[in-house]
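With compact mmCIF, C-alpha atoms inside, this is upload02.txt:
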# COMPACT_ATOMS: atom_id res chain seq x y z
CA MET A 1 121.84 108.88 91.66
CA ASP A 2 123.38 109.83 88.35
CA PRO A 3 126.46 112.12 88.44
CA THR A 4 124.53 115.30 87.62
CA LYS A 5 122.01 114.68 90.38
CA VAL A 6 124.79 113.77 92.81
CA ARG A 7 126.49 117.13 92.23
CA ARG A 8 123.22 118.97 92.84
CA ALA A 9 122.53 116.89 95.97
CA VAL A 10 125.99 117.61 97.37
CA GLU A 11 125.57 121.35 96.79
CA ALA A 12 122.16 121.24 98.49
CA ALA A 13 123.69 119.48 101.51
CA LYS A 14 126.57 121.98 101.74
CA ALA A 15 124.24 124.96 101.46
CA THR A 16 121.89 123.56 104.11
CA ALA A 17 124.70 122.98 106.62
CA THR A 18 126.30 126.34 105.91
CA GLY A 19 122.95 128.02 106.46
CA LEU A 20 122.87 126.51 109.94
CA GLY A 21 126.25 128.03 110.78
CA LEU A 22 128.29 124.85 110.24
CA GLN A 23 131.71 125.14 108.59
CA VAL A 24 131.86 123.25 105.30
CA ASP A 25 135.09 123.38 103.31
CA ASP A 26 134.75 120.05 101.55
CA ALA A 27 132.25 117.26 100.94
CA VAL A 28 132.90 113.56 100.29
CA VAL A 29 130.24 111.20 98.97
CA ILE A 30 130.59 107.96 100.94
CA HIS A 31 127.49 106.18 99.62
CA ASN A 32 125.42 106.59 96.47
CA SER A 33 122.19 104.74 95.86
CA ASP A 34 118.67 106.15 95.44
CA ARG A 35 119.86 108.64 98.04
CA ILE A 36 123.38 109.68 98.95
CA ALA A 37 125.37 110.03 102.16
CA VAL A 38 127.85 112.93 102.20
CA ARG A 39 130.51 113.65 104.81
CA LEU A 40 130.81 117.40 105.34
CA ILE A 41 134.26 118.58 106.43
CA PRO A 42 135.46 119.95 108.86
CA CYS A 43 132.16 120.08 110.77
CA ASP A 44 132.04 116.25 110.56
CA VAL A 45 128.37 116.03 109.74
CA LEU A 46 126.88 113.23 107.66
CA ALA A 47 124.24 114.60 105.31
CA ARG A 48 121.74 112.18 103.86
CA VAL A 49 120.08 113.49 100.72
CA GLY A 50 117.14 111.97 98.88
CA PRO A 51 114.22 113.00 96.65
CA SER A 52 111.94 115.58 98.24
CA MET A 53 109.04 113.12 97.95
CA TRP A 54 110.78 111.10 100.69
CA GLN A 55 110.45 113.94 103.18
CA ALA A 56 107.89 112.20 105.40
CA GLY A 57 109.89 108.98 105.64
CA MET A 58 113.14 110.81 106.35
CA GLN A 59 111.37 112.90 109.00
CA PHE A 60 110.16 109.71 110.69
CA GLU A 61 113.67 108.23 110.58
CA ALA A 62 115.15 111.31 112.23
CA GLU A 63 112.47 111.39 114.93
CA ILE A 64 112.71 107.70 115.82
CA SER A 65 116.52 107.85 115.92
CA GLY A 66 116.38 110.87 118.21
CA ARG A 67 114.01 109.11 120.59
CA LEU A 68 116.08 105.94 120.55
CA ALA A 69 119.21 107.92 121.36
CA GLU A 70 117.42 109.22 124.48
CA THR A 71 116.93 105.62 125.64
CA GLY A 72 120.64 104.87 125.26
CA SER A 73 120.03 102.60 122.28
CA PRO A 74 122.92 101.92 119.89
CA VAL A 75 121.90 104.21 117.02
CA GLY A 76 123.43 106.99 114.98
CA GLU A 77 122.16 110.33 116.25
CA PRO A 78 120.83 113.35 114.36
CA HIS A 79 123.40 116.18 114.46
CA VAL A 80 120.78 118.87 114.92
CA GLN A 81 117.19 118.85 116.16
CA PRO A 82 115.60 115.91 114.31
CA GLY A 83 114.03 117.23 111.15
CA VAL A 84 114.20 117.41 107.39
CA PHE A 85 115.42 120.33 105.31
CA VAL A 86 114.20 120.77 101.74
CA ARG A 87 116.38 122.47 99.12
CA ASP A 88 116.49 122.21 95.31
CA ASP A 89 113.92 119.38 95.29
CA PHE A 90 115.97 117.33 97.77
CA ALA A 91 115.12 116.23 101.30
CA ILE A 92 118.13 116.48 103.63
CA THR A 93 118.82 115.22 107.13
CA LEU A 94 121.99 115.95 109.11
CA TRP A 95 123.59 113.32 111.33
CA THR A 96 126.63 112.95 113.55
CA TYR A 97 129.51 111.48 111.54
CA TYR A 98 131.24 108.52 113.18
CA GLU A 99 134.76 107.63 112.12
CA PRO A 100 134.75 103.92 111.22
CA VAL A 101 136.83 101.67 113.45
CA ASP A 102 138.33 98.37 112.32
CA ARG A 103 137.70 96.01 115.19
CA PRO A 104 140.00 93.00 115.73
CA ASP A 105 137.01 90.79 116.53
CA GLY A 106 135.36 91.32 113.15
CA THR A 107 134.90 88.26 110.98
CA GLU A 108 133.79 86.93 107.61
CA VAL A 109 130.29 85.42 107.69
CA GLU A 110 128.40 84.11 104.65
CA GLY A 111 130.66 86.03 102.30
CA THR A 112 129.96 89.29 104.15
CA SER A 113 132.73 91.09 105.99
CA LEU A 114 131.34 92.00 109.41
CA HIS A 115 132.92 94.95 111.19
CA VAL A 116 131.94 93.42 114.54
CA ALA A 117 131.86 89.88 115.87
CA PRO A 118 128.51 88.05 115.68
CA ALA A 119 128.12 88.10 119.47
CA GLU A 120 128.60 91.88 119.54
CA TYR A 121 126.19 92.29 116.62
CA VAL A 122 123.51 90.34 118.50
CA HIS A 123 124.09 92.29 121.72
CA ALA A 124 123.59 95.57 119.86
CA LEU A 125 120.41 94.29 118.18
CA VAL A 126 118.97 93.07 121.49
CA GLN A 127 119.65 96.53 122.95
CA LEU A 128 118.03 98.20 119.96
CA HIS A 129 114.90 96.08 120.22
CA ALA A 130 114.69 96.88 123.94
CA GLY A 131 114.92 100.59 123.12
CA LEU A 132 112.25 100.29 120.43
CA ARG A 133 109.89 98.80 123.02
CA GLN A 134 110.24 102.04 125.00
CA VAL A 135 109.28 104.27 122.08
CA ASP A 136 105.62 105.09 121.49
CA MET A 137 105.35 105.75 117.76
CA SER A 138 103.06 104.29 115.14
CA ALA A 139 104.66 102.44 112.23
CA PRO A 140 103.39 100.35 109.33
CA HIS A 141 103.04 96.63 109.84
CA ILE A 142 105.45 94.36 107.97
CA THR A 143 102.50 93.01 105.97
CA ASP A 144 102.22 96.41 104.26
CA ARG A 145 105.70 95.98 102.80
CA LEU A 146 105.20 92.30 101.97
CA ASN A 147 101.91 92.99 100.21
CA GLY A 148 103.50 95.86 98.30
CA TRP A 149 106.30 93.62 97.04
CA ALA A 150 103.86 90.87 96.09
CA GLY A 151 101.65 93.32 94.23
CA ALA A 152 104.60 94.73 92.30
CA ALA A 153 105.86 91.27 91.35
CA GLY A 154 102.46 90.38 89.94
CA ASN A 155 102.01 93.66 88.07
CA ARG A 156 103.71 93.75 84.65
CA ASP A 157 103.35 97.54 84.53
CA ARG A 158 105.31 97.79 87.78
CA THR A 159 108.01 95.26 86.86
CA PRO A 160 107.89 95.14 83.04
CA GLU A 161 111.33 93.56 82.51
CA LEU A 162 110.96 90.75 85.07
CA PRO A 163 111.16 87.41 83.16
CA ASP A 164 108.01 85.30 83.31
CA THR A 165 109.65 82.31 85.01
CA ASP A 166 111.15 84.53 87.72
CA ARG A 167 107.86 86.40 88.13
CA GLU A 168 106.09 83.08 88.69
CA LEU A 169 108.70 82.00 91.25
CA ILE A 170 108.42 85.26 93.20
CA CYS A 171 104.61 85.37 93.12
CA ASP A 172 104.30 81.72 94.19
CA THR A 173 106.79 82.38 96.99
CA PHE A 174 104.84 85.32 98.39
CA LYS A 175 101.61 83.34 98.25
CA SER A 176 102.85 80.15 99.88
CA VAL A 177 105.25 81.59 102.47
CA SER A 178 102.93 84.43 103.53
CA ALA A 179 100.26 81.82 104.20
CA ALA A 180 102.71 79.74 106.22
CA ILE A 181 103.63 82.59 108.58
CA SER A 182 100.17 84.11 108.95
CA GLY A 183 99.42 82.13 112.11
CA SER A 184 102.83 82.23 113.76
CA GLY A 185 101.46 83.89 116.91
CA SER A 186 104.79 85.57 117.70
CA ASP A 187 104.88 88.70 119.84
CA GLU A 188 105.14 91.92 117.84
CA GLN A 189 106.89 95.22 118.47
CA LEU A 190 108.58 98.10 116.69
CA LEU A 191 111.46 96.84 114.54
CA HIS A 192 114.48 98.38 112.84
CA GLY A 193 113.19 97.21 109.46
CA GLU A 194 116.52 96.37 107.79
CA PRO A 195 119.30 95.76 110.37
CA HIS A 196 121.67 94.19 107.82
CA PRO A 197 125.47 94.60 108.11
CA GLN A 198 125.54 97.67 105.87
CA ASN A 199 123.30 99.42 108.42
CA LEU A 200 125.60 98.67 111.36
CA LEU A 201 128.54 101.00 111.96
CA SER A 202 131.63 100.05 113.94
CA THR A 203 132.60 103.13 115.95
CA ARG A 204 134.59 104.08 119.04
CA ARG A 205 131.26 104.07 120.89
CA GLY A 206 130.66 100.48 119.76
CA PRO A 207 128.26 99.18 117.09
CA LEU A 208 125.62 101.70 116.03
CA PHE A 209 122.61 101.08 113.80
CA ILE A 210 121.57 103.52 111.09
CA ASP A 211 118.66 103.64 108.63
CA VAL A 212 116.06 102.89 111.30
CA THR A 213 113.01 102.94 109.02
CA CYS A 214 110.77 101.08 111.52
CA GLN A 215 107.98 98.61 110.98
CA ARG A 216 105.88 96.59 113.39
CA GLY A 217 106.09 92.81 113.58
CA PRO A 218 107.94 89.92 115.26
CA ILE A 219 111.67 90.25 115.90
CA GLU A 220 112.22 87.31 113.53
CA TYR A 221 111.51 89.68 110.65
CA ASP A 222 114.54 91.81 111.62
CA LEU A 223 116.63 88.67 112.08
CA ALA A 224 115.98 87.70 108.46
CA TYR A 225 118.27 90.58 107.45
CA VAL A 226 121.28 89.48 109.50
CA PRO A 227 123.66 86.58 108.74
CA HIS A 228 122.59 83.13 109.93
CA GLU A 229 125.37 83.01 112.52
CA VAL A 230 124.10 86.24 114.05
CA ALA A 231 120.42 85.24 114.06
CA ALA A 232 121.26 81.89 115.68
CA ARG A 233 122.65 83.73 118.74
CA TYR A 234 119.57 85.89 119.34
CA PRO A 235 117.94 84.71 122.60
CA GLY A 236 114.54 83.08 122.19
CA ALA A 237 114.33 83.51 118.41
CA ASP A 238 112.22 81.10 116.34
CA LEU A 239 114.80 80.19 113.70
CA ASP A 240 112.25 78.41 111.50
CA LEU A 241 110.24 81.64 111.34
CA VAL A 242 113.42 83.60 110.67
CA GLN A 243 114.05 81.41 107.62
CA GLN A 244 110.53 82.00 106.30
CA PHE A 245 111.03 85.74 106.61
CA ARG A 246 114.44 85.39 104.97
CA ILE A 247 112.72 83.83 101.94
CA LEU A 248 110.25 86.72 101.78
CA MET A 249 113.06 89.25 102.20
CA TRP A 250 114.96 87.88 99.19
CA ALA A 251 111.74 87.75 97.17
CA GLY A 252 111.24 91.42 98.01
CA VAL A 253 114.83 92.41 97.20
CA ALA A 254 114.57 90.59 93.88
CA THR A 255 111.32 92.40 93.09
CA MET A 256 112.72 95.86 93.87
CA ARG A 257 115.71 95.37 91.59
CA TRP A 258 113.27 95.05 88.67
CA TYR A 259 111.55 98.39 89.32
CA PRO A 260 112.29 100.61 86.28
CA GLU A 261 113.22 103.50 88.59
CA ASP A 262 115.52 101.42 90.81
CA GLN A 263 118.96 103.03 91.25
CA PHE A 264 120.58 100.45 93.49
CA PRO A 265 124.34 100.14 92.84
CA ASN A 266 125.17 97.15 90.57
CA ARG A 267 121.47 96.68 89.93
CA ASP A 268 121.98 94.26 87.03
CA TYR A 269 124.19 92.04 89.20
CA TRP A 270 121.71 92.08 92.07
CA ARG A 271 118.79 91.23 89.78
CA ILE A 272 120.42 87.84 89.25
CA GLU A 273 122.06 87.50 92.67
CA ALA A 274 118.85 88.17 94.63
CA LEU A 275 116.97 85.53 92.64
CA GLY A 276 119.80 83.08 93.30
CA ARG A 277 119.68 83.79 97.04
CA LEU A 278 115.91 83.37 96.99
CA ARG A 279 116.27 79.92 95.43
CA LYS A 280 118.95 79.00 97.97
CA ALA A 281 116.75 80.12 100.88
CA LEU A 282 113.88 78.04 99.50
CA ASP A 283 116.17 75.01 99.17
CA GLU A 284 117.20 75.35 102.82
CA VAL A 285 113.65 74.65 104.01
CA ASN A 286 112.98 71.78 101.58
Let's see the structure in the file written out as structure tokens.
Amino acid sequence: MDPTKVRRAVEAAKATATGLGLQVDDAVVIHNSDRIAVRLIPCDVLARVGPSMWQAGMQFEAEISGRLAETGSPVGEPHVQPGVFVRDDFAITLWTYYEPVDRPDGTEVEGTSLHVAPAEYVHALVQLHAGLRQVDMSAPHITDRLNGWAGAAGNRDRTPELPDTDRELICDTFKSVSAAISGSGSDEQLLHGEPHPQNLLSTRRGPLFIDVTCQRGPIEYDLAYVPHEVAARYPGADLDLVQQFRILMWAGVATMRWYPEDQFPNRDYWRIEALGRLRKALDEVN
């Protein structure tokens, strides 16, 4: 969000929490992308604030996280009854704030600093998937997202600045790799959707997942978002299928960075970096 919108979003979060009887003397933005995360002090609530048009998706996220918490799954919990508050054209959800903990068993994997060791990461993801199997909620299939990315990559109105050579690479990738995985026959279930390291908190309670957007598909789709060393430890995973999904994931990330409305931090850097990682993932299967 731009600075003006961030200020408005913070004020909306503070007003919402105050209206619920929570004490808010200060607010600290700890993440800013197309939505922001704000720590409210001293009530220690994490407010997540996005465009009001995201209300349905944020409502789903709050509901699924609340249900997962009831199963004992390692997830961040809503601070109040799961729901979305709308104020000043913003959708707002309130979550328990967890003080980050530097764990001595953290490590550096693939250039990413993990707050937890790979074995602990896998254990948390296995627990999460087990909890998701206990939750009865409908969710879109992963093909909905993949088809959406592919359609955007092939639509010049949707991605007008995407260079022709990169557009061809992305479109060919979606076509060939999607065909390759169509008959995988893997079991499907509810998934986190994006369990990458930035969505895993290290807390005194242990690792906790956030941003549980949920899709339905094979667990290998989720594993495409975690470092190779983590995916390799997941029991029973088809690592060849994981790599195919990893290719599609990077094709999708590259596509999104070329949306005109994209507000991802360091977008210009990630436009190039995501394409580079896509090419590297393709090379790894050739």
Gap from CA of Tyr121 (chain A) to CA of Gly66 (chain A) - Å, one decimal
21.1 Å
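Comparing A:Ile64, A:Val80, A:Ile181, A:Leu146 by their smallest distance to Leu132 (chain A), the closest is A:Ile64 (using all atoms listed in the file).
Between CA of Glu261 (chain A) and CA of Thr173 (chain A) lies a distance of 23.6 Å.
The residue set within 12 Å of Ala56 (chain A), counting all atoms listed in the file and dropping same-chain residues fewer than 2 places from it, reads Gly50, Pro51, Ser52, Met53, Trp54, Met58, Gln59, Phe60, Glu61, Ala62, Glu63, Gly83, Val84, Phe85, Val86, Ala91, Ile92, Thr93 and Thr213 of chain A.
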Export of prior selection with C-alpha atoms as a short mmCIF file (atom, residue, chain, number, x, y, z; two decimals), in the coordinates of the input:
data_model
loop_
_atom_site.label_atom_id
_atom_site.label_comp_id
_atom_site.auth_asym_id
_atom_site.auth_seq_id
_atom_site.Cartn_x
_atom_site.Cartn_y
_atom_site.Cartn_z
CA GLY A 50 117.14 111.97 98.88
CA PRO A 51 114.22 113.00 96.65
CA SER A 52 111.94 115.58 98.24
CA MET A 53 109.04 113.12 97.95
CA TRP A 54 110.78 111.10 100.69
CA MET A 58 113.14 110.81 106.35
CA GLN A 59 111.37 112.90 109.00
CA PHE A 60 110.16 109.71 110.69
CA GLU A 61 113.67 108.23 110.58
CA ALA A 62 115.15 111.31 112.23
CA GLU A 63 112.47 111.39 114.93
CA GLY A 83 114.03 117.23 111.15
CA VAL A 84 114.20 117.41 107.39
CA PHE A 85 115.42 120.33 105.31
CA VAL A 86 114.20 120.77 101.74
CA ALA A 91 115.12 116.23 101.30
CA ILE A 92 118.13 116.48 103.63
CA THR A 93 118.82 115.22 107.13
CA THR A 213 113.01 102.94 109.02
#
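For the residues A:Ile170, A:Ala254, A:Leu208, A:Val226, ranking by smallest atom-to-atom distance to Gly72 (chain A) using only C-alpha atoms places A:Leu208 first.
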Shortest interatomic distance to Ala180 (chain A) - which of A:Tyr225, A:Phe245, A:Trp258, A:Phe209, counting all atoms listed in the file
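Among A:Tyr225, A:Phe245, A:Trp258, A:Phe209, it is A:Phe245 that comes nearest to Ala180 (chain A).
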